[in-house]
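Coordinates as given in start.txt (compact mmCIF, N, CA and C atoms):
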```txt
# COMPACT_ATOMS: atom_id res chain seq x y z
N ILE A 160 -28.28 104.47 52.72
CA ILE A 160 -27.36 103.34 52.81
C ILE A 160 -27.96 102.27 53.71
N GLN A 161 -28.48 102.71 54.84
CA GLN A 161 -29.08 101.76 55.77
C GLN A 161 -30.29 101.07 55.13
N SER A 162 -31.07 101.80 54.36
CA SER A 162 -32.25 101.22 53.71
C SER A 162 -31.87 100.14 52.72
N VAL A 163 -30.78 100.35 52.00
CA VAL A 163 -30.33 99.33 51.04
C VAL A 163 -29.94 98.06 51.79
N HIS A 164 -29.22 98.23 52.89
CA HIS A 164 -28.85 97.06 53.69
C HIS A 164 -30.09 96.38 54.28
N ALA A 165 -31.04 97.16 54.74
CA ALA A 165 -32.27 96.60 55.33
C ALA A 165 -33.10 95.87 54.28
N ALA A 166 -33.07 96.34 53.04
CA ALA A 166 -33.84 95.68 51.97
C ALA A 166 -33.38 94.25 51.75
N ARG A 167 -32.17 93.94 52.15
CA ARG A 167 -31.65 92.57 52.00
C ARG A 167 -32.51 91.56 52.76
N LEU A 168 -33.13 92.00 53.84
CA LEU A 168 -34.00 91.10 54.60
C LEU A 168 -35.16 90.59 53.74
N LYS A 169 -35.65 91.44 52.85
CA LYS A 169 -36.77 91.05 51.99
C LYS A 169 -36.31 90.34 50.73
N THR A 170 -35.22 90.82 50.14
CA THR A 170 -34.79 90.29 48.84
C THR A 170 -33.78 89.16 48.94
N GLY A 171 -33.03 89.13 50.03
CA GLY A 171 -31.97 88.15 50.17
C GLY A 171 -30.68 88.55 49.48
N ASP A 172 -30.71 89.69 48.80
CA ASP A 172 -29.53 90.19 48.09
C ASP A 172 -29.23 91.62 48.51
N THR A 173 -27.95 91.97 48.43
CA THR A 173 -27.55 93.34 48.67
C THR A 173 -27.37 94.03 47.32
N ASP A 174 -27.95 95.19 47.16
CA ASP A 174 -27.82 95.95 45.92
C ASP A 174 -26.51 96.75 45.97
N TRP A 175 -25.44 96.08 45.57
CA TRP A 175 -24.11 96.68 45.66
C TRP A 175 -23.96 97.87 44.71
N ARG A 176 -24.67 97.86 43.60
CA ARG A 176 -24.62 99.00 42.68
C ARG A 176 -25.16 100.25 43.39
N ALA A 177 -26.32 100.10 44.02
CA ALA A 177 -26.91 101.24 44.74
C ALA A 177 -25.99 101.69 45.87
N LEU A 178 -25.43 100.73 46.59
CA LEU A 178 -24.52 101.10 47.68
C LEU A 178 -23.29 101.82 47.16
N SER A 179 -22.75 101.38 46.04
CA SER A 179 -21.56 102.06 45.50
C SER A 179 -21.90 103.50 45.11
N GLN A 180 -23.09 103.70 44.55
CA GLN A 180 -23.52 105.06 44.19
C GLN A 180 -23.75 105.92 45.43
N LEU A 181 -24.39 105.35 46.43
CA LEU A 181 -24.66 106.10 47.65
C LEU A 181 -23.36 106.44 48.40
N HIS A 182 -22.44 105.48 48.45
CA HIS A 182 -21.15 105.75 49.12
C HIS A 182 -20.32 106.75 48.34
N THR A 183 -20.43 106.74 47.02
CA THR A 183 -19.73 107.75 46.22
C THR A 183 -20.26 109.14 46.56
N ALA A 184 -21.57 109.26 46.65
CA ALA A 184 -22.17 110.54 47.03
C ALA A 184 -21.74 110.95 48.44
N LEU A 185 -21.73 109.99 49.35
CA LEU A 185 -21.34 110.28 50.73
C LEU A 185 -19.90 110.78 50.79
N THR A 186 -18.99 110.15 50.04
CA THR A 186 -17.59 110.58 50.09
C THR A 186 -17.40 111.97 49.49
N ARG A 187 -18.30 112.36 48.59
CA ARG A 187 -18.22 113.73 48.06
C ARG A 187 -18.65 114.75 49.12
N LEU A 188 -19.66 114.38 49.91
CA LEU A 188 -20.14 115.29 50.95
C LEU A 188 -19.26 115.26 52.20
N TYR A 189 -18.87 114.07 52.60
CA TYR A 189 -18.09 113.87 53.82
C TYR A 189 -16.95 112.90 53.52
N PRO A 190 -15.85 113.40 53.02
CA PRO A 190 -14.75 112.52 52.60
C PRO A 190 -13.93 111.97 53.77
N THR A 191 -14.52 111.04 54.50
CA THR A 191 -13.82 110.41 55.62
C THR A 191 -13.16 109.12 55.15
N ILE A 192 -12.25 108.62 55.96
CA ILE A 192 -11.58 107.36 55.64
C ILE A 192 -12.60 106.22 55.61
N GLY A 193 -13.47 106.18 56.59
CA GLY A 193 -14.48 105.12 56.66
C GLY A 193 -15.41 105.13 55.46
N ALA A 194 -15.84 106.31 55.05
CA ALA A 194 -16.72 106.41 53.88
C ALA A 194 -15.98 105.96 52.63
N GLY A 195 -14.71 106.33 52.52
CA GLY A 195 -13.93 105.93 51.35
C GLY A 195 -13.74 104.43 51.27
N VAL A 196 -13.45 103.81 52.40
CA VAL A 196 -13.28 102.35 52.41
C VAL A 196 -14.61 101.66 52.13
N SER A 197 -15.69 102.16 52.72
CA SER A 197 -17.01 101.59 52.45
C SER A 197 -17.35 101.70 50.97
N ARG A 198 -17.02 102.82 50.36
CA ARG A 198 -17.23 103.01 48.92
C ARG A 198 -16.43 101.97 48.13
N ALA A 199 -15.17 101.79 48.49
CA ALA A 199 -14.32 100.82 47.78
C ALA A 199 -14.87 99.40 47.91
N VAL A 200 -15.35 99.06 49.08
CA VAL A 200 -15.92 97.73 49.30
C VAL A 200 -17.17 97.54 48.44
N ALA A 201 -18.05 98.53 48.45
CA ALA A 201 -19.26 98.42 47.64
C ALA A 201 -18.91 98.30 46.16
N ILE A 202 -17.95 99.09 45.70
CA ILE A 202 -17.51 99.00 44.30
C ILE A 202 -16.94 97.62 44.02
N GLY A 203 -16.13 97.11 44.93
CA GLY A 203 -15.53 95.79 44.74
C GLY A 203 -16.56 94.68 44.65
N PHE A 204 -17.59 94.75 45.47
CA PHE A 204 -18.63 93.73 45.42
C PHE A 204 -19.53 93.88 44.20
N PHE A 205 -19.65 95.11 43.71
CA PHE A 205 -20.48 95.35 42.52
C PHE A 205 -19.70 95.10 41.23
N ALA A 206 -18.50 95.66 41.14
CA ALA A 206 -17.75 95.66 39.88
C ALA A 206 -16.56 94.71 39.85
N GLY A 207 -16.28 94.03 40.95
CA GLY A 207 -15.18 93.07 40.99
C GLY A 207 -14.00 93.54 41.82
N SER A 208 -13.16 92.57 42.16
CA SER A 208 -12.03 92.80 43.07
C SER A 208 -11.06 93.86 42.56
N GLU A 209 -10.75 93.81 41.28
CA GLU A 209 -9.81 94.79 40.73
C GLU A 209 -10.35 96.20 40.88
N ALA A 210 -11.66 96.38 40.64
CA ALA A 210 -12.27 97.70 40.81
C ALA A 210 -12.23 98.13 42.28
N GLY A 211 -12.44 97.18 43.19
CA GLY A 211 -12.35 97.50 44.61
C GLY A 211 -10.96 97.92 45.02
N LEU A 212 -9.95 97.21 44.49
CA LEU A 212 -8.57 97.58 44.78
C LEU A 212 -8.25 98.97 44.23
N LYS A 213 -8.70 99.25 43.03
CA LYS A 213 -8.46 100.58 42.44
C LYS A 213 -9.13 101.67 43.27
N ALA A 214 -10.32 101.38 43.76
CA ALA A 214 -11.01 102.36 44.60
C ALA A 214 -10.26 102.58 45.91
N LEU A 215 -9.70 101.52 46.48
CA LEU A 215 -8.90 101.68 47.70
C LEU A 215 -7.67 102.54 47.43
N GLU A 216 -7.10 102.43 46.25
CA GLU A 216 -5.91 103.20 45.90
C GLU A 216 -6.19 104.70 45.79
N THR A 217 -7.45 105.08 45.66
CA THR A 217 -7.78 106.50 45.57
C THR A 217 -7.81 107.18 46.93
N ILE A 218 -7.74 106.39 47.99
CA ILE A 218 -7.74 106.94 49.35
C ILE A 218 -6.29 107.22 49.74
N ASP A 219 -6.07 108.31 50.41
CA ASP A 219 -4.73 108.69 50.86
C ASP A 219 -4.07 107.54 51.62
N ALA A 220 -2.95 107.06 51.09
CA ALA A 220 -2.26 105.90 51.66
C ALA A 220 -1.85 106.13 53.11
N VAL A 221 -1.41 107.32 53.43
CA VAL A 221 -1.01 107.61 54.80
C VAL A 221 -2.22 107.55 55.73
N ALA A 222 -3.34 108.04 55.25
CA ALA A 222 -4.55 108.06 56.08
C ALA A 222 -5.04 106.66 56.41
N ILE A 223 -4.92 105.73 55.48
CA ILE A 223 -5.45 104.39 55.74
C ILE A 223 -4.39 103.40 56.21
N ASP A 224 -3.17 103.88 56.38
CA ASP A 224 -2.07 102.99 56.76
C ASP A 224 -2.36 102.22 58.05
N THR A 225 -3.05 102.84 58.97
CA THR A 225 -3.35 102.17 60.25
C THR A 225 -4.86 101.95 60.42
N PHE A 226 -5.61 102.01 59.34
CA PHE A 226 -7.06 101.83 59.39
C PHE A 226 -7.37 100.37 59.04
N GLN A 227 -7.64 99.58 60.06
CA GLN A 227 -7.81 98.14 59.92
C GLN A 227 -8.82 97.73 58.86
N PRO A 228 -10.00 98.37 58.77
CA PRO A 228 -10.94 97.93 57.74
C PRO A 228 -10.39 98.04 56.31
N ALA A 229 -9.52 99.01 56.07
CA ALA A 229 -8.93 99.14 54.73
C ALA A 229 -8.04 97.94 54.43
N TRP A 230 -7.29 97.49 55.42
CA TRP A 230 -6.42 96.33 55.21
C TRP A 230 -7.22 95.04 55.04
N ALA A 231 -8.31 94.92 55.79
CA ALA A 231 -9.17 93.74 55.63
C ALA A 231 -9.80 93.71 54.24
N ALA A 232 -10.27 94.86 53.78
CA ALA A 232 -10.85 94.94 52.43
C ALA A 232 -9.80 94.63 51.38
N ARG A 233 -8.62 95.22 51.53
CA ARG A 233 -7.53 94.96 50.58
C ARG A 233 -7.19 93.47 50.54
N ALA A 234 -7.09 92.86 51.71
CA ALA A 234 -6.78 91.43 51.78
C ALA A 234 -7.83 90.61 51.03
N HIS A 235 -9.08 90.92 51.27
CA HIS A 235 -10.17 90.19 50.62
C HIS A 235 -10.08 90.31 49.10
N PHE A 236 -9.93 91.54 48.62
CA PHE A 236 -9.89 91.74 47.18
C PHE A 236 -8.63 91.16 46.54
N LEU A 237 -7.51 91.24 47.23
CA LEU A 237 -6.29 90.62 46.71
C LEU A 237 -6.45 89.11 46.62
N ALA A 238 -7.02 88.51 47.66
CA ALA A 238 -7.24 87.06 47.64
C ALA A 238 -8.17 86.68 46.50
N GLU A 239 -9.25 87.42 46.33
CA GLU A 239 -10.19 87.12 45.25
C GLU A 239 -9.55 87.26 43.87
N SER A 240 -8.59 88.16 43.75
CA SER A 240 -7.97 88.38 42.44
C SER A 240 -6.75 87.49 42.23
N GLY A 241 -6.52 86.55 43.17
CA GLY A 241 -5.45 85.57 42.99
C GLY A 241 -4.07 86.05 43.41
N GLN A 242 -3.99 87.18 44.08
CA GLN A 242 -2.71 87.72 44.53
C GLN A 242 -2.46 87.26 45.98
N THR A 243 -2.20 85.98 46.11
CA THR A 243 -2.14 85.34 47.42
C THR A 243 -1.08 85.94 48.32
N ASP A 244 0.15 86.12 47.84
CA ASP A 244 1.21 86.65 48.69
C ASP A 244 0.87 88.04 49.23
N ALA A 245 0.37 88.90 48.35
CA ALA A 245 -0.01 90.25 48.77
C ALA A 245 -1.19 90.18 49.73
N ALA A 246 -2.12 89.27 49.50
CA ALA A 246 -3.27 89.11 50.39
C ALA A 246 -2.82 88.68 51.78
N LEU A 247 -1.85 87.78 51.86
CA LEU A 247 -1.35 87.34 53.16
C LEU A 247 -0.71 88.49 53.93
N VAL A 248 0.02 89.34 53.23
CA VAL A 248 0.60 90.51 53.88
C VAL A 248 -0.50 91.43 54.38
N ALA A 249 -1.53 91.65 53.57
CA ALA A 249 -2.64 92.52 53.97
C ALA A 249 -3.41 91.91 55.15
N TYR A 250 -3.63 90.59 55.13
CA TYR A 250 -4.29 89.94 56.27
C TYR A 250 -3.45 90.09 57.53
N ALA A 251 -2.14 89.92 57.42
CA ALA A 251 -1.27 90.07 58.58
C ALA A 251 -1.39 91.47 59.17
N THR A 252 -1.43 92.46 58.32
CA THR A 252 -1.56 93.85 58.79
C THR A 252 -2.93 94.07 59.43
N ALA A 253 -3.97 93.58 58.78
CA ALA A 253 -5.33 93.73 59.33
C ALA A 253 -5.43 93.05 60.70
N ILE A 254 -4.85 91.88 60.83
CA ILE A 254 -4.88 91.15 62.10
C ILE A 254 -4.11 91.91 63.17
N LYS A 255 -2.96 92.43 62.80
CA LYS A 255 -2.13 93.19 63.75
C LYS A 255 -2.86 94.44 64.25
N LEU A 256 -3.61 95.09 63.38
CA LEU A 256 -4.32 96.32 63.74
C LEU A 256 -5.65 96.08 64.43
N CYS A 257 -6.13 94.84 64.42
CA CYS A 257 -7.46 94.53 64.94
C CYS A 257 -7.46 94.51 66.47
N THR A 258 -8.42 95.20 67.07
CA THR A 258 -8.55 95.23 68.53
C THR A 258 -9.74 94.43 69.03
N ASP A 259 -10.54 93.89 68.12
CA ASP A 259 -11.74 93.14 68.49
C ASP A 259 -11.46 91.65 68.34
N PRO A 260 -11.42 90.89 69.45
CA PRO A 260 -11.04 89.48 69.37
C PRO A 260 -11.87 88.63 68.38
N PRO A 261 -13.20 88.73 68.36
CA PRO A 261 -13.94 87.92 67.38
C PRO A 261 -13.59 88.29 65.93
N LEU A 262 -13.43 89.56 65.67
CA LEU A 262 -13.06 89.98 64.32
C LEU A 262 -11.66 89.51 63.98
N ARG A 263 -10.74 89.58 64.95
CA ARG A 263 -9.38 89.09 64.73
C ARG A 263 -9.41 87.61 64.37
N ARG A 264 -10.21 86.84 65.07
CA ARG A 264 -10.31 85.40 64.80
C ARG A 264 -10.88 85.17 63.40
N TRP A 265 -11.88 85.93 63.00
CA TRP A 265 -12.45 85.79 61.67
C TRP A 265 -11.40 86.09 60.60
N LEU A 266 -10.61 87.15 60.81
CA LEU A 266 -9.54 87.47 59.87
C LEU A 266 -8.50 86.35 59.82
N GLU A 267 -8.19 85.77 60.97
CA GLU A 267 -7.24 84.65 61.00
C GLU A 267 -7.77 83.45 60.23
N VAL A 268 -9.07 83.18 60.35
CA VAL A 268 -9.68 82.08 59.60
C VAL A 268 -9.61 82.37 58.10
N GLN A 269 -9.88 83.60 57.71
CA GLN A 269 -9.79 83.95 56.29
C GLN A 269 -8.37 83.75 55.77
N ARG A 270 -7.39 84.19 56.55
CA ARG A 270 -5.98 84.01 56.18
C ARG A 270 -5.64 82.53 56.11
N ASP A 271 -6.04 81.76 57.11
CA ASP A 271 -5.73 80.34 57.13
C ASP A 271 -6.38 79.59 55.98
N THR A 272 -7.59 79.98 55.64
CA THR A 272 -8.28 79.38 54.50
C THR A 272 -7.51 79.64 53.21
N LEU A 273 -6.97 80.82 53.10
CA LEU A 273 -6.21 81.20 51.91
C LEU A 273 -4.96 80.34 51.74
N ILE A 274 -4.32 80.00 52.86
CA ILE A 274 -3.10 79.18 52.77
C ILE A 274 -3.37 77.69 52.96
N GLY A 275 -4.64 77.34 53.19
CA GLY A 275 -5.00 75.95 53.34
C GLY A 275 -4.67 75.37 54.70
N ALA A 276 -4.49 76.25 55.69
CA ALA A 276 -4.18 75.78 57.05
C ALA A 276 -5.47 75.43 57.77
N PRO A 277 -5.40 74.48 58.70
CA PRO A 277 -6.61 74.15 59.48
C PRO A 277 -6.96 75.31 60.40
N HIS A 278 -8.24 75.42 60.73
CA HIS A 278 -8.72 76.52 61.59
C HIS A 278 -8.54 76.11 63.01
```
Target encoding structure tokens, full file:
Amino acid sequence: IQSVHAARLKTGDTDWRALSQLHTALTRLYPTIGAGVSRAVAIGFFAGSEAGLKALETIDAVAIDTFQPAWAARAHFLAESGQTDAALVAYATAIKLCTDPPLRRWLEVQRDTLIGAPH
């Protein structure tokens, strides 16, 4: 997984197909919440927002209920798929769960951009 990300330095592109395959294998070996969300993100970037959302739905809802990266991914994919109201709810949850100030600000900018508010 790290090698695929590192290859971006040479190619300028991320091989999301390879990452989705590698994360799928990882979740079979070590089915953690983080691996599942990473898999869903890779699938979403490779196969589209709807596929990413479907992949997120395969993760235990209770397990990811308070997992901020899952909400940020959900918000992104909902926004990309035109589900603005649901995306705003997901961004609000991601922001509420975020403990890192720079990341919280980035999420706020993403939310504000979605509603057309100034940053």
Closest contacts (region 208-277 of chain A/region 182-190 of chain A, max 12 Å, only C-alpha atoms) as a Markdown table:
```
| residue | atom | partner | partner_atom | distance |
| --- | --- | --- | --- | --- |
| A:Ala214 | CA | A:Thr183 | CA | 10.4 |
| A:Thr217 | CA | A:Thr186 | CA | 11.5 |
| A:Ile218 | CA | A:Pro190 | CA | 9.5 |
| A:Asp219 | CA | A:Pro190 | CA | 10.9 |
| A:Ala222 | CA | A:Pro190 | CA | 11.7 |
```
query: At a cut-off of 9 Å from (-2.2, 100.2, 63.4) in the coordinates of the file, what residues are picked up using only C-alpha atoms, written as a list in words?
result: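 Residues with an atom close enough to that point: Asp224, Thr225, Phe226, Gln227, Thr252, Ala253, Lys255, Leu256 and Cys257 of chain A.
Picture a line from CA of Glu209 (chain A) to CA of Ile274 (chain A); it runs 20.8 Å.
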Minimum-distance residue to Leu212 (chain A), chosen among A:Ala194, A:Leu247, A:Leu237, A:Leu178 (using all atoms listed in the file):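 Closest to Leu212 (chain A), using all atoms listed in the file: A:Leu237.
All residues of protein, DNA or RNA that reach within 7 Å of Ala245 (chain A), judged by only N, CA and C atoms and not counting those fewer than 5 positions away in the chain, are A:Arg233, A:Ala234, A:Leu237, A:Ala238, A:Tyr250.
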Residues near Gly207 (chain A), cut-off 8 Å, all atoms listed in the file, skip fewer than 4 positions along chain, as a list in words: Ala201, Ile202, Gly203, Gly211, Leu212, Lys213, Phe236, Glu239 and Ser240 of chain A
task: Give the alpha helix (DSSP H) residues of chain A, as DSSP finds them on the backbone, and put them as a PyMOL selection string.
output: chain A and resi 161-170+175-188+192-206+208-216+220-223+227-239+243-256+260-274
Spatial neighbours of Leu273 (chain A), max dist 8 Å, only C-alpha atoms, sep filter under 2 positions, as a ChimeraX atom specification: /A:238,243,247,269-271,275-276
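Going from CA of Asp174 (chain A) over to CA of Ala210 (chain A), you cover 16.5 Å.
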- request: Rounded to one decimal place, report the atom C of Trp175 (chain A)-atom C of Ile160 (chain A) distance in Å.
  value: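 Distance between the two atoms: 10.8 Å.
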message: Calculated over all atoms listed in the file, which of the candidates A:Arg167, A:His235, A:Glu216, A:Ala199 has the smallest distance to Ala249 (chain A)?
response: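 Comparing A:Arg167, A:His235, A:Glu216, A:Ala199 against Ala249 (chain A), the winner is A:His235.
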task: Can you pull out every residue within 8 Å of Asp172 (chain A), counting all atoms listed in the file, but drop anything in the same chain fewer than 6 positions away, and send it as a PyMOL selection string?
output: chain A and resi 163-164+166
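For the residues A:Ala220, A:Ala229, A:Leu262, A:Leu168, ranking by smallest atom-to-atom distance to Gly193 (chain A) using only N, CA and C atoms places A:Ala229 first.
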- prompt: Smallest atom-to-atom distance to Ile254 (chain A): which of A:Gln242, A:Trp230, A:Gln161, A:Thr272, using all atoms listed in the file?
  reply: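 Of all the options, A:Trp230 lies closest to Ile254 (chain A).
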Selection near Arg176 (chain A), 6.5 Å with only N, CA and C atoms, sequence-local residues under 4 positions removed, as a PyMOL selection string: chain A and resi 180-181+201+205
